[in-house]
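Source file: protein_32.txt. Holds: compact mmCIF, C-alpha atoms.
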# COMPACT_ATOMS: atom_id res chain seq x y z
CA MET A 1 55.42 -66.31 64.57
CA VAL A 2 55.43 -66.40 60.73
CA ASP A 3 54.04 -62.88 60.77
CA ASP A 4 56.93 -61.76 62.96
CA GLU A 5 59.46 -63.33 60.62
CA LEU A 6 57.80 -61.74 57.61
CA ALA A 7 57.80 -58.38 59.34
CA GLU A 8 61.48 -58.83 60.10
CA ILE A 9 62.29 -59.70 56.47
CA ARG A 10 60.24 -56.75 55.26
CA ARG A 11 62.05 -54.46 57.70
CA ARG A 12 65.48 -55.66 56.52
CA LYS A 13 64.54 -55.25 52.86
CA LEU A 14 63.24 -51.78 53.53
CA GLU A 15 66.44 -50.84 55.35
CA ALA A 16 68.53 -52.17 52.47
CA LEU A 17 66.46 -50.17 49.99
CA MET A 18 66.70 -47.04 52.08
CA GLY A 19 70.44 -47.58 52.36
CA GLN A 20 70.73 -47.70 48.56
CA ASN A 21 68.69 -44.56 48.20
CA GLU A 22 70.84 -42.78 50.75
CA LEU A 23 73.93 -43.69 48.79
CA LYS A 24 72.43 -42.55 45.50
CA GLY A 25 71.26 -39.27 46.94
CA VAL A 26 68.07 -37.51 46.04
CA ASN A 27 69.10 -36.75 42.47
CA GLY A 28 70.93 -39.90 41.57
CA LEU A 29 74.62 -39.04 41.56
CA SER A 30 74.18 -35.29 41.92
CA GLY A 31 73.40 -33.24 45.02
CA VAL A 32 74.75 -33.80 48.50
CA THR A 33 74.12 -37.29 49.80
CA GLU A 34 73.19 -37.97 53.42
CA VAL A 35 75.92 -40.26 54.79
CA LYS A 36 75.77 -42.24 58.04
CA ASP A 37 78.31 -44.15 60.08
CA SER A 38 76.96 -47.32 58.49
CA THR A 39 77.29 -46.06 54.88
CA PHE A 40 80.46 -44.02 55.31
CA GLU A 41 83.04 -46.59 54.12
CA GLU A 42 81.06 -47.44 51.02
CA PHE A 43 80.46 -43.79 50.22
CA ILE A 44 84.08 -42.64 50.38
CA ARG A 45 84.95 -45.38 47.87
CA SER A 46 82.04 -44.58 45.57
CA ALA A 47 84.00 -41.99 43.52
CA PRO A 48 87.67 -41.08 43.03
CA LEU A 49 87.19 -37.76 44.83
CA VAL A 50 84.74 -37.48 47.72
CA ILE A 51 84.14 -34.59 50.13
CA ILE A 52 82.08 -35.11 53.27
CA ASP A 53 80.70 -32.15 55.16
CA CYS A 54 80.50 -33.04 58.86
CA TRP A 55 77.86 -30.82 60.45
CA ALA A 56 75.23 -30.53 63.19
CA PRO A 57 71.85 -28.79 63.29
CA TRP A 58 72.77 -26.34 66.08
CA CYS A 59 75.88 -25.08 64.28
CA GLY A 60 75.14 -21.72 62.57
CA PRO A 61 78.07 -21.82 60.13
CA CYS A 62 77.08 -25.39 59.14
CA ARG A 63 73.54 -24.32 58.34
CA MET A 64 74.85 -21.42 56.25
CA LEU A 65 77.19 -23.73 54.40
CA ALA A 66 74.52 -26.31 53.47
CA PRO A 67 72.97 -24.47 50.47
CA ILE A 68 76.44 -23.54 49.20
CA MET A 69 77.46 -27.20 49.27
CA GLU A 70 74.33 -28.10 47.31
CA GLN A 71 75.23 -25.52 44.65
CA LEU A 72 78.86 -26.63 44.51
CA ALA A 73 77.78 -30.27 44.24
CA GLU A 74 75.91 -29.33 41.06
CA GLU A 75 78.87 -27.33 39.80
CA TYR A 76 81.37 -30.13 40.40
CA GLN A 77 79.04 -32.90 39.25
CA GLY A 78 81.06 -35.74 37.76
CA LYS A 79 84.27 -34.41 39.33
CA ILE A 80 83.68 -34.45 43.08
CA ARG A 81 81.05 -36.45 44.96
CA PHE A 82 79.63 -34.66 48.00
CA GLY A 83 78.17 -36.13 51.16
CA LYS A 84 77.10 -34.76 54.52
CA LEU A 85 77.24 -36.47 57.88
CA ASN A 86 75.25 -35.30 60.88
CA THR A 87 77.74 -35.56 63.77
CA ASP A 88 74.94 -35.47 66.30
CA GLU A 89 73.41 -38.69 64.98
CA ASN A 90 76.64 -40.36 63.90
CA GLU A 91 79.36 -40.40 66.54
CA ARG A 92 81.69 -43.10 65.21
CA THR A 93 83.00 -41.21 62.18
CA PRO A 94 83.81 -37.93 64.03
CA MET A 95 85.65 -39.97 66.68
CA ARG A 96 87.58 -41.91 64.08
CA PHE A 97 88.77 -38.71 62.39
CA ASN A 98 89.25 -36.75 65.64
CA ILE A 99 86.70 -34.12 64.58
CA THR A 100 86.28 -31.53 67.34
CA ALA A 101 85.06 -28.53 65.37
CA ILE A 102 82.33 -28.20 62.77
CA PRO A 103 81.90 -27.70 59.97
CA THR A 104 84.80 -29.95 59.01
CA MET A 105 85.10 -31.23 55.50
CA LEU A 106 86.89 -34.52 55.00
CA VAL A 107 88.43 -34.93 51.57
CA PHE A 108 89.01 -38.48 50.28
CA LYS A 109 90.93 -39.53 47.20
CA ASN A 110 90.39 -43.16 46.19
CA GLY A 111 88.98 -43.85 49.62
CA MET A 112 92.00 -42.44 51.49
CA LEU A 113 91.87 -39.28 53.59
CA LEU A 114 93.66 -36.59 51.60
CA ASP A 115 92.88 -33.42 53.54
CA ARG A 116 90.49 -31.75 55.96
CA ILE A 117 89.02 -28.26 55.80
CA VAL A 118 87.94 -26.79 59.13
CA GLY A 119 85.46 -23.91 59.11
CA ALA A 120 83.23 -22.42 56.48
CA GLY A 121 83.39 -19.61 53.99
CA ASN A 122 81.28 -18.24 51.16
CA LYS A 123 80.96 -19.93 47.79
CA ASP A 124 84.12 -18.41 46.29
CA PHE A 125 86.11 -19.40 49.35
CA MET A 126 84.89 -23.01 49.24
CA ARG A 127 85.38 -23.20 45.46
CA GLN A 128 88.96 -22.04 45.88
CA LYS A 129 89.52 -24.76 48.48
CA PHE A 130 87.90 -27.55 46.43
CA SER A 131 89.50 -26.64 43.09
CA LYS A 132 92.96 -27.60 44.27
CA TYR A 133 91.90 -31.24 44.58
CA LEU A 134 90.93 -31.52 40.92
CA MET B 135 63.19 -3.12 75.86
CA GLU B 136 62.00 -2.32 72.38
CA TYR B 137 63.70 -0.12 69.82
CA ASP B 138 63.33 0.53 66.13
CA VAL B 139 67.04 0.33 65.36
CA ALA B 140 69.69 -1.46 67.42
CA ILE B 141 73.25 -0.55 66.54
CA VAL B 142 75.97 -3.04 67.41
CA GLY B 143 79.24 -1.21 68.01
CA ALA B 144 80.01 2.12 69.64
CA GLY B 145 82.89 3.23 67.46
CA PRO B 146 82.73 6.00 64.85
CA ALA B 147 80.54 4.03 62.40
CA GLY B 148 78.06 2.96 65.07
CA LEU B 149 77.79 6.39 66.71
CA GLN B 150 77.39 8.17 63.39
CA ALA B 151 74.70 5.65 62.41
CA ALA B 152 72.96 6.41 65.71
CA ILE B 153 73.09 10.18 65.14
CA HIS B 154 71.57 9.93 61.66
CA ALA B 155 68.97 7.29 62.54
CA VAL B 156 67.71 8.99 65.70
CA ARG B 157 67.31 12.32 63.93
CA LYS B 158 64.84 10.53 61.64
CA LYS B 159 62.62 10.11 64.70
CA VAL B 160 63.10 6.41 65.26
CA ARG B 161 63.99 4.80 68.60
CA VAL B 162 67.68 3.92 68.61
CA CYS B 163 69.98 2.06 70.98
CA VAL B 164 73.72 1.54 70.66
CA LEU B 165 75.36 -1.55 72.14
CA GLY B 166 79.07 -1.74 72.84
CA ARG B 167 81.90 -0.19 74.76
CA ARG B 168 83.50 2.92 73.31
CA GLN B 169 86.84 2.05 74.89
CA ASN B 170 86.98 -1.07 72.67
CA SER B 171 86.90 0.98 69.48
CA ALA B 172 90.14 1.02 67.49
CA LEU B 173 89.75 4.82 67.44
CA VAL B 174 90.56 5.06 71.17
CA LYS B 175 94.25 4.57 70.50
CA ALA B 176 94.42 6.78 67.40
CA GLU B 177 95.58 10.35 66.87
CA ILE B 178 93.49 11.77 64.04
CA GLU B 179 94.97 14.39 61.74
CA ASN B 180 93.40 13.46 58.39
CA TYR B 181 89.71 14.04 59.08
CA PHE B 182 87.77 16.63 57.12
CA GLY B 183 87.56 20.04 58.78
CA SER B 184 88.95 18.88 62.08
CA PRO B 185 92.17 19.96 63.78
CA PRO B 186 94.40 17.10 64.97
CA ARG B 187 92.90 15.51 68.07
CA THR B 188 92.75 12.21 69.87
CA GLY B 189 90.35 9.49 68.85
CA ARG B 190 89.20 9.17 72.44
CA GLU B 191 88.15 12.82 72.47
CA MET B 192 86.27 12.45 69.20
CA LEU B 193 84.41 9.39 70.48
CA GLU B 194 83.30 11.23 73.61
CA ILE B 195 82.00 14.16 71.55
CA ALA B 196 80.14 11.81 69.19
CA ALA B 197 78.66 9.79 72.06
CA LYS B 198 77.39 12.99 73.72
CA ALA B 199 75.88 14.10 70.42
CA ALA B 200 74.15 10.75 69.85
CA ALA B 201 72.75 10.72 73.38
CA GLY B 202 71.77 14.39 73.03
CA PHE B 203 69.68 13.58 69.95
CA GLY B 204 67.94 10.82 71.89
CA ALA B 205 69.85 7.60 71.21
CA ILE B 206 70.20 5.26 74.18
CA LEU B 207 73.81 4.17 74.71
CA LEU B 208 74.16 0.82 76.48
CA GLU B 209 77.77 0.13 77.37
CA GLU B 210 77.42 -3.59 77.05
CA ASP B 211 78.69 -6.36 74.82
CA LEU B 212 76.27 -8.41 72.82
CA LEU B 213 75.95 -12.16 73.44
CA THR B 214 73.41 -13.31 70.85
CA ILE B 215 71.13 -12.11 68.06
CA GLU B 216 68.05 -14.10 67.11
CA MET B 217 65.70 -13.42 64.21
CA GLU B 218 62.03 -13.78 65.00
CA GLU B 219 59.39 -13.10 62.38
CA GLY B 220 61.21 -10.25 60.72
CA GLU B 221 62.35 -8.72 64.02
CA PHE B 222 65.54 -9.13 66.00
CA LYS B 223 66.05 -10.18 69.60
CA LEU B 224 69.41 -9.23 71.06
CA THR B 225 70.72 -10.51 74.39
CA THR B 226 73.40 -8.46 76.07
CA GLU B 227 76.04 -9.56 78.57
CA SER B 228 73.85 -8.42 81.48
CA LEU B 229 71.27 -10.85 80.05
CA ARG B 230 69.09 -7.90 79.04
CA GLU B 231 66.81 -8.62 76.09
CA ILE B 232 66.35 -6.00 73.40
CA LYS B 233 63.94 -6.15 70.50
CA ALA B 234 64.53 -4.17 67.32
CA LYS B 235 63.00 -3.91 63.88
CA ALA B 236 66.34 -3.24 62.19
CA ILE B 237 69.96 -3.68 63.18
CA VAL B 238 73.16 -1.96 62.13
CA LEU B 239 76.33 -4.02 62.48
CA ALA B 240 79.28 -1.76 63.24
CA PRO B 241 81.46 -3.98 65.43
CA GLY B 242 84.79 -3.09 63.81
CA VAL B 243 87.31 -5.82 63.20
CA SER B 244 88.27 -7.72 66.28
CA ARG B 245 91.13 -10.07 66.81
CA ARG B 246 89.88 -13.60 66.91
CA LYS B 247 93.12 -15.52 66.73
CA LEU B 248 95.35 -16.09 69.70
CA ASN B 249 98.58 -16.25 67.68
CA VAL B 250 100.37 -18.84 69.77
CA GLU B 251 102.20 -21.98 68.72
CA GLY B 252 99.84 -24.89 68.09
CA GLU B 253 96.70 -22.81 67.54
CA LYS B 254 96.57 -23.21 63.77
CA GLU B 255 97.92 -26.76 63.77
CA TYR B 256 95.23 -28.01 66.16
CA HIS B 257 92.27 -26.04 64.77
CA GLY B 258 89.58 -28.67 64.46
CA LEU B 259 91.68 -31.13 66.45
CA GLY B 260 90.88 -29.65 69.85
CA VAL B 261 91.12 -25.92 69.15
CA SER B 262 87.74 -24.28 68.52
CA TYR B 263 86.37 -20.79 67.98
CA CYS B 264 82.70 -21.68 68.47
CA ALA B 265 81.54 -23.13 71.77
CA THR B 266 77.94 -23.48 70.57
CA CYS B 267 79.02 -25.46 67.51
CA ASP B 268 81.55 -27.73 69.15
CA CYS B 269 80.57 -28.27 72.80
CA ASN B 270 79.07 -31.66 71.99
CA PHE B 271 82.48 -33.07 71.06
CA PHE B 272 83.79 -32.48 74.58
CA LYS B 273 81.41 -34.54 76.68
CA ARG B 274 83.19 -35.67 79.85
CA LYS B 275 86.44 -34.03 78.70
CA THR B 276 88.69 -31.30 80.08
CA VAL B 277 88.65 -27.96 78.30
CA ALA B 278 89.93 -24.40 78.70
CA VAL B 279 88.22 -21.22 77.54
CA LEU B 280 90.52 -18.30 76.70
CA GLY B 281 89.34 -14.71 76.85
CA GLU B 282 88.56 -12.08 79.43
CA ALA B 283 85.14 -10.73 78.51
CA SER B 284 81.53 -11.91 78.68
CA MET B 285 81.81 -14.05 75.55
CA ALA B 286 84.39 -16.23 77.32
CA ALA B 287 82.25 -16.50 80.48
CA SER B 288 79.24 -17.43 78.41
CA ALA B 289 81.25 -20.11 76.56
CA ALA B 290 82.61 -21.51 79.84
CA LEU B 291 79.09 -21.78 81.26
CA LEU B 292 77.85 -23.58 78.18
CA LEU B 293 80.81 -25.96 78.12
CA ARG B 294 80.32 -26.81 81.79
CA GLU B 295 77.12 -28.59 80.77
CA TYR B 296 79.14 -30.98 78.60
CA ALA B 297 82.75 -31.20 79.82
CA SER B 298 83.77 -32.74 83.14
CA LYS B 299 86.25 -29.92 83.84
CA VAL B 300 86.32 -26.35 82.57
CA TYR B 301 89.12 -23.84 83.10
CA TRP B 302 88.58 -20.18 82.29
CA VAL B 303 91.98 -18.73 81.44
CA ALA B 304 92.52 -14.96 81.28
CA LYS B 305 94.82 -12.23 82.54
CA GLU B 306 91.79 -10.38 83.87
CA PHE B 307 88.20 -11.52 84.29
CA LYS B 308 85.98 -8.73 82.97
CA ALA B 309 82.63 -10.36 82.24
CA SER B 310 79.39 -8.67 83.29
CA PRO B 311 78.51 -8.97 87.01
CA GLU B 312 75.56 -11.19 86.06
CA LEU B 313 77.76 -13.68 84.22
CA MET B 314 80.52 -13.52 86.89
CA GLU B 315 77.90 -14.45 89.46
CA LYS B 316 76.75 -17.40 87.35
CA VAL B 317 80.34 -18.61 86.92
CA LYS B 318 80.89 -18.39 90.69
CA GLY B 319 77.95 -20.73 91.19
CA THR B 320 79.75 -23.48 89.26
CA ASP B 321 83.03 -25.40 89.61
CA ILE B 322 84.58 -23.59 86.62
CA GLU B 323 88.17 -22.94 87.65
CA LEU B 324 89.55 -19.46 86.98
CA VAL B 325 93.21 -19.48 85.95
CA GLN B 326 94.88 -16.07 85.88
CA ALA B 327 97.51 -16.58 83.18
CA TRP B 328 97.88 -16.70 79.40
CA PRO B 329 99.04 -19.52 77.13
CA THR B 330 102.41 -19.53 75.45
CA ARG B 331 101.69 -22.66 73.41
CA ILE B 332 99.11 -25.33 72.73
CA TYR B 333 100.57 -28.79 72.37
CA GLY B 334 99.44 -32.30 71.51
CA ASP B 335 100.06 -35.30 69.31
CA GLN B 336 97.29 -36.03 66.82
CA VAL B 337 94.95 -33.93 68.95
CA VAL B 338 95.32 -31.29 71.66
CA ARG B 339 96.81 -32.59 74.89
CA GLY B 340 97.40 -29.40 76.82
CA MET B 341 98.60 -25.86 77.11
CA THR B 342 101.70 -24.24 78.58
CA LEU B 343 101.01 -21.03 80.51
CA ASP B 344 103.16 -17.95 80.87
CA ASP B 345 103.60 -18.58 84.60
CA GLY B 346 105.27 -21.89 83.77
CA ARG B 347 102.29 -24.05 84.65
CA ASP B 348 101.05 -26.79 82.42
CA LEU B 349 97.36 -27.51 81.88
CA PRO B 350 96.51 -30.98 80.50
CA LEU B 351 93.50 -30.51 78.20
CA ASP B 352 91.39 -32.11 75.49
CA GLY B 353 90.08 -28.84 74.11
CA VAL B 354 90.86 -25.13 73.87
CA PHE B 355 88.08 -22.64 73.11
CA ILE B 356 89.25 -19.23 71.94
CA GLU B 357 86.74 -16.49 72.78
CA LEU B 358 88.68 -13.23 72.67
CA GLY B 359 87.01 -9.88 73.25
CA ALA B 360 83.51 -9.02 72.15
CA LYS B 361 81.57 -11.14 69.76
CA GLY B 362 83.42 -11.44 66.46
CA VAL B 363 82.19 -10.25 63.11
CA ALA B 364 81.75 -13.74 61.69
CA ASP B 365 79.65 -14.94 64.62
CA LEU B 366 77.45 -11.86 64.53
CA ALA B 367 76.94 -12.05 60.81
CA MET B 368 76.08 -15.73 60.73
CA GLU B 369 73.44 -15.28 63.41
CA VAL B 370 71.57 -13.09 60.93
CA ASN B 371 72.21 -15.35 57.93
CA ILE B 372 75.09 -13.37 56.43
CA PHE B 373 78.23 -15.16 55.35
CA PRO B 374 81.32 -12.95 55.59
CA ASP B 375 83.51 -13.05 52.48
CA GLU B 376 86.85 -14.87 52.27
CA ASN B 377 88.58 -11.99 54.08
CA GLY B 378 85.98 -11.93 56.85
CA PHE B 379 84.19 -8.78 55.68
CA ILE B 380 80.46 -8.25 55.29
CA ALA B 381 79.31 -7.30 51.79
CA VAL B 382 76.92 -4.32 51.57
CA ASP B 383 75.30 -2.36 48.76
CA ARG B 384 75.32 1.43 48.33
CA SER B 385 72.70 1.81 51.05
CA CYS B 386 74.83 -0.30 53.43
CA ALA B 387 72.18 -3.05 53.28
CA THR B 388 73.36 -6.64 53.65
CA GLY B 389 71.70 -9.68 52.10
CA THR B 390 69.34 -10.01 55.08
CA PRO B 391 66.35 -7.62 55.15
CA GLY B 392 66.59 -5.20 58.08
CA VAL B 393 70.31 -5.78 58.62
CA PHE B 394 72.75 -3.02 57.69
CA ALA B 395 76.52 -2.87 58.17
CA CYS B 396 79.08 -0.09 58.23
CA GLY B 397 82.64 0.76 59.20
CA ASP B 398 85.69 -1.49 59.28
CA VAL B 399 83.49 -4.59 59.13
CA THR B 400 82.66 -3.92 55.47
CA GLY B 401 86.32 -3.81 54.47
CA ARG B 402 89.15 -1.44 53.80
CA PRO B 403 90.19 1.35 53.94
CA TRP B 404 90.10 1.33 57.72
CA GLN B 405 89.80 5.08 57.96
CA LEU B 406 87.71 7.27 60.22
CA ALA B 407 86.25 9.16 57.26
CA LYS B 408 85.06 5.95 55.60
CA ALA B 409 83.59 4.62 58.86
CA VAL B 410 81.72 7.84 59.53
CA GLY B 411 80.45 8.09 55.94
CA GLU B 412 79.14 4.55 55.97
CA GLY B 413 77.69 5.09 59.45
CA CYS B 414 75.65 7.99 58.10
CA VAL B 415 74.35 5.90 55.18
CA ALA B 416 73.59 2.84 57.35
CA GLY B 417 71.80 4.92 59.99
CA LEU B 418 69.60 6.64 57.39
CA SER B 419 68.91 3.36 55.59
CA ALA B 420 67.93 1.59 58.82
CA ALA B 421 65.58 4.44 59.76
CA ARG B 422 64.03 4.38 56.28
CA TYR B 423 63.59 0.61 56.53
CA VAL B 424 61.77 0.96 59.85
CA ARG B 425 59.59 3.79 58.55
CA LYS B 426 58.97 1.79 55.37
CA GLU B 427 60.06 4.73 53.25
CA GLU B 428 61.31 4.46 49.69
CA GLU B 429 64.81 5.74 49.03

What is this structure when it is put down as structure tokens?
Amino acid sequence: MVDDELAEIRRRKLEALMGQNELKGVNGLSGVTEVKDSTFEEFIRSAPLVIIDCWAPWCGPCRMLAPIMEQLAEEYQGKIRFGKLNTDENERTPMRFNITAIPTMLVFKNGMLLDRIVGAGNKDFMRQKFSKYL
Amino acid sequence: MEYDVAIVGAGPAGLQAAIHAVRKKVRVCVLGRRQNSALVKAEIENYFGSPPRTGREMLEIAAKAAAGFGAILLEEDLLTIEMEEGEFKLTTESLREIKAKAIVLAPGVSRRKLNVEGEKEYHGLGVSYCATCDCNFFKRKTVAVLGEASMAASAALLLREYASKVYWVAKEFKASPELMEKVKGTDIELVQAWPTRIYGDQVVRGMTLDDGRDLPLDGVFIELGAKGVADLAMEVNIFPDENGFIAVDRSCATGTPGVFACGDVTGRPWQLAKAVGEGCVAGLSAARYVRKEEE
């Protein structure tokens, strides 16, 4: 019984720790952070300007966009915070924002939805899109 | 079927690529329908050394020449390209599988947009251009696929696995017999009409047709004509630029080893002379790549 309770406490602590790591991203505040339904609200309020790439593994354009987003996250470090949300594993957020095509990028300013970008382009194209939010 | 070089597109760039590649003693096939080339409707009077003549006539002469040199011309649209260990597997609309060591993309520029009211407004809010990417968002919903060729049939069949109701809307239904047969075996409803507008509130709610009918819908998938440039390119890890063109170097090589591109797909000017010139370069480069020759 005690063992079960301990296991439960350990599990919860581990989840909380993992949650923190997810929010920090692999490289602290740089890079593209994996966002989930459960961490979404907190993430969009974690910086003044946040862009979330909603994607899925079977989507060719999404896969092509992923490395570009990583590079742009480095480029815009300190100006825009980037996250990515797997729409296959997280259904609540796409439903909430009526997402029916991927990739879709949700742009948040101070936690409020400012814009959405549907579809992908090369690095110059995405840079052109993102620069107007700065 | 196995080839050394598979050429996607049977317009001037693709046929010229075929002529130059096959004369380098590699096995070449050309995929695509000549009648879909933009050249079919053109009258050409600015081509080097040639008297004014119709584009259709020039295409027929070039196709005969390519076949005469040994290229295999398959009058079929392409459905998918997959990369497998440095080789390419292409599936055509008759569900034929073709393997190739190199590919030349010469699909021309095709119209992807429908240009009706509501299309732009609802892009990403019910309007989609990629059935594979977005089918999962339409589970147990009602959707329409727009387009007359095999790409539309293929999209409708895929969507039927997710949506509760699928309409296939076109003026004519011209998919391959194999895909038409597959569609017939399902409850996909064929609607012979064309939309005049897509409407909705926050998301798509339906479509008005040119025969006055109204189709209540949750999603609209636009799959016009043969496979578009962007879709083709992304399947081989190439991102078209902001104008939708594929970047190539002087040998018509793209960023993906074994993939070459030529003709209108690489950008302006959209001229026969430029398409043919690039076709020559791409065909020679693809043959050299297969034969592992240095330039």

Residues at most 7 Å from range 88-95 of chain A, counting only C-alpha atoms, excluding those fewer than 6 positions away in the same chain, as number ranges by chain? A: 36-37, 56

Write out as a ChimeraX atom specification every residue belonging to chain B that has an atom at most 10 Å from any atom of chain A, counting only C-alpha atoms. /B:256-272,336-337,352-353,364-365,367-378

Restricting to all atoms listed in the file, whichever of B:Leu291, B:Ile232, B:Leu324, B:Ala152 is closest to Glu306 in chain B is B:Leu324

Between B:Ala360, B:Leu229, B:Leu207, B:Leu239, which one has atoms that come closest to Met285 in chain B, using all atoms listed in the file? B:Ala360

Would you kindly return, as number ranges by chain, each protein, DNA or RNA residue with an atom no farther than 12 Å from any atom of Arg274 in chain B, considering all atoms listed in the file and excluding same-chain residues fewer than 5 positions away? B: 269, 293-300, 351-353

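Atom pair CA of Gly401 in chain B / CA of Cys414 in chain B: separated by 16.3 Å.
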
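Shortest separation to Leu106 in chain A among A:Ile51, A:Lys129, A:Arg81, A:Gln71 occurs at residue A:Ile51, atoms counted being only C-alpha atoms.
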
What is the CA of Lys233 in chain B-CA of Pro391 in chain B distance in Å, reported with one decimal?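 Answer for the CA of Lys233 in chain B to CA of Pro391 in chain B separation: 15.6 Å.
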
Ref. answer, residues at most 8 Å from (87.3, 7.1, 59.5) with only C-alpha atoms, as a PDB file with C-alpha atoms, in the coordinates of the input:
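This went into out-v2.pdb:
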ATOM      1  CA  PRO B 146      82.730   6.000  64.850  1.00  0.00           C
ATOM      2  CA  ALA B 147      80.540   4.030  62.400  1.00  0.00           C
ATOM      3  CA  TYR B 181      89.710  14.040  59.080  1.00  0.00           C
ATOM      4  CA  GLY B 397      82.640   0.760  59.200  1.00  0.00           C
ATOM      5  CA  TRP B 404      90.100   1.330  57.720  1.00  0.00           C
ATOM      6  CA  GLN B 405      89.800   5.080  57.960  1.00  0.00           C
ATOM      7  CA  LEU B 406      87.710   7.270  60.220  1.00  0.00           C
ATOM      8  CA  ALA B 407      86.250   9.160  57.260  1.00  0.00           C
ATOM      9  CA  LYS B 408      85.060   5.950  55.600  1.00  0.00           C
ATOM     10  CA  ALA B 409      83.590   4.620  58.860  1.00  0.00           C
ATOM     11  CA  VAL B 410      81.720   7.840  59.530  1.00  0.00           C
ATOM     12  CA  GLY B 411      80.450   8.090  55.940  1.00  0.00           C
TER      13      GLY B 411
END

Tell me which of B:Gly334, B:Lys235, B:Glu227, B:Val382 sits closest to Ala309 in chain B, counting all atoms listed in the file.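 For Ala309 in chain B, the nearest of the given residues is B:Glu227.
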
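We find CA of Thr226 in chain B and CA of Leu213 in chain B to be spaced 5.2 Å apart.
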
Selection near range 341-346 of chain B, 12 Å with all atoms listed in the file, sequence-local residues under 4 positions removed, as a ChimeraX atom specification: /B:250-253,256,260-261,276-280,301,303-305,325-334,350-355

Pull C-alpha atoms from the residues just selected and write them as a PDB file, in the coordinates of the input.
ATOM      1  CA  VAL B 250     100.370 -18.840  69.770  1.00  0.00           C
ATOM      2  CA  GLU B 251     102.200 -21.980  68.720  1.00  0.00           C
ATOM      3  CA  GLY B 252      99.840 -24.890  68.090  1.00  0.00           C
ATOM      4  CA  GLU B 253      96.700 -22.810  67.540  1.00  0.00           C
ATOM      5  CA  TYR B 256      95.230 -28.010  66.160  1.00  0.00           C
ATOM      6  CA  GLY B 260      90.880 -29.650  69.850  1.00  0.00           C
ATOM      7  CA  VAL B 261      91.120 -25.920  69.150  1.00  0.00           C
ATOM      8  CA  THR B 276      88.690 -31.300  80.080  1.00  0.00           C
ATOM      9  CA  VAL B 277      88.650 -27.960  78.300  1.00  0.00           C
ATOM     10  CA  ALA B 278      89.930 -24.400  78.700  1.00  0.00           C
ATOM     11  CA  VAL B 279      88.220 -21.220  77.540  1.00  0.00           C
ATOM     12  CA  LEU B 280      90.520 -18.300  76.700  1.00  0.00           C
ATOM     13  CA  TYR B 301      89.120 -23.840  83.100  1.00  0.00           C
ATOM     14  CA  VAL B 303      91.980 -18.730  81.440  1.00  0.00           C
ATOM     15  CA  ALA B 304      92.520 -14.960  81.280  1.00  0.00           C
ATOM     16  CA  LYS B 305      94.820 -12.230  82.540  1.00  0.00           C
ATOM     17  CA  VAL B 325      93.210 -19.480  85.950  1.00  0.00           C
ATOM     18  CA  GLN B 326      94.880 -16.070  85.880  1.00  0.00           C
ATOM     19  CA  ALA B 327      97.510 -16.580  83.180  1.00  0.00           C
ATOM     20  CA  TRP B 328      97.880 -16.700  79.400  1.00  0.00           C
ATOM     21  CA  PRO B 329      99.040 -19.520  77.130  1.00  0.00           C
ATOM     22  CA  THR B 330     102.410 -19.530  75.450  1.00  0.00           C
ATOM     23  CA  ARG B 331     101.690 -22.660  73.410  1.00  0.00           C
ATOM     24  CA  ILE B 332      99.110 -25.330  72.730  1.00  0.00           C
ATOM     25  CA  TYR B 333     100.570 -28.790  72.370  1.00  0.00           C
ATOM     26  CA  GLY B 334      99.440 -32.300  71.510  1.00  0.00           C
ATOM     27  CA  PRO B 350      96.510 -30.980  80.500  1.00  0.00           C
ATOM     28  CA  LEU B 351      93.500 -30.510  78.200  1.00  0.00           C
ATOM     29  CA  ASP B 352      91.390 -32.110  75.490  1.00  0.00           C
ATOM     30  CA  GLY B 353      90.080 -28.840  74.110  1.00  0.00           C
ATOM     31  CA  VAL B 354      90.860 -25.130  73.870  1.00  0.00           C
ATOM     32  CA  PHE B 355      88.080 -22.640  73.110  1.00  0.00           C
TER      33      PHE B 355
END

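If you count all atoms listed in the file and ignore residues fewer than 6 places along the chain from Arg190 in chain B, what sits within 8 Å of it is B:Gln169, B:Leu173, B:Val174, B:Lys175, B:Ala176.
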
I'd like the contact shell of Leu358 in chain B - 9 Å cut-off, only C-alpha atoms, skipping same-chain residues fewer than 3 positions apart - returned as a VMD selection string. chain B and resid 244 to 248 280 to 283 285 to 286 361 to 362

Go through B:Met314, B:Cys396, B:Ala416, B:Ile206 and flag the residue nearest Leu165 in chain B, using only C-alpha atoms for the distances.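 Under the stated criterion, the closest residue is B:Ile206.
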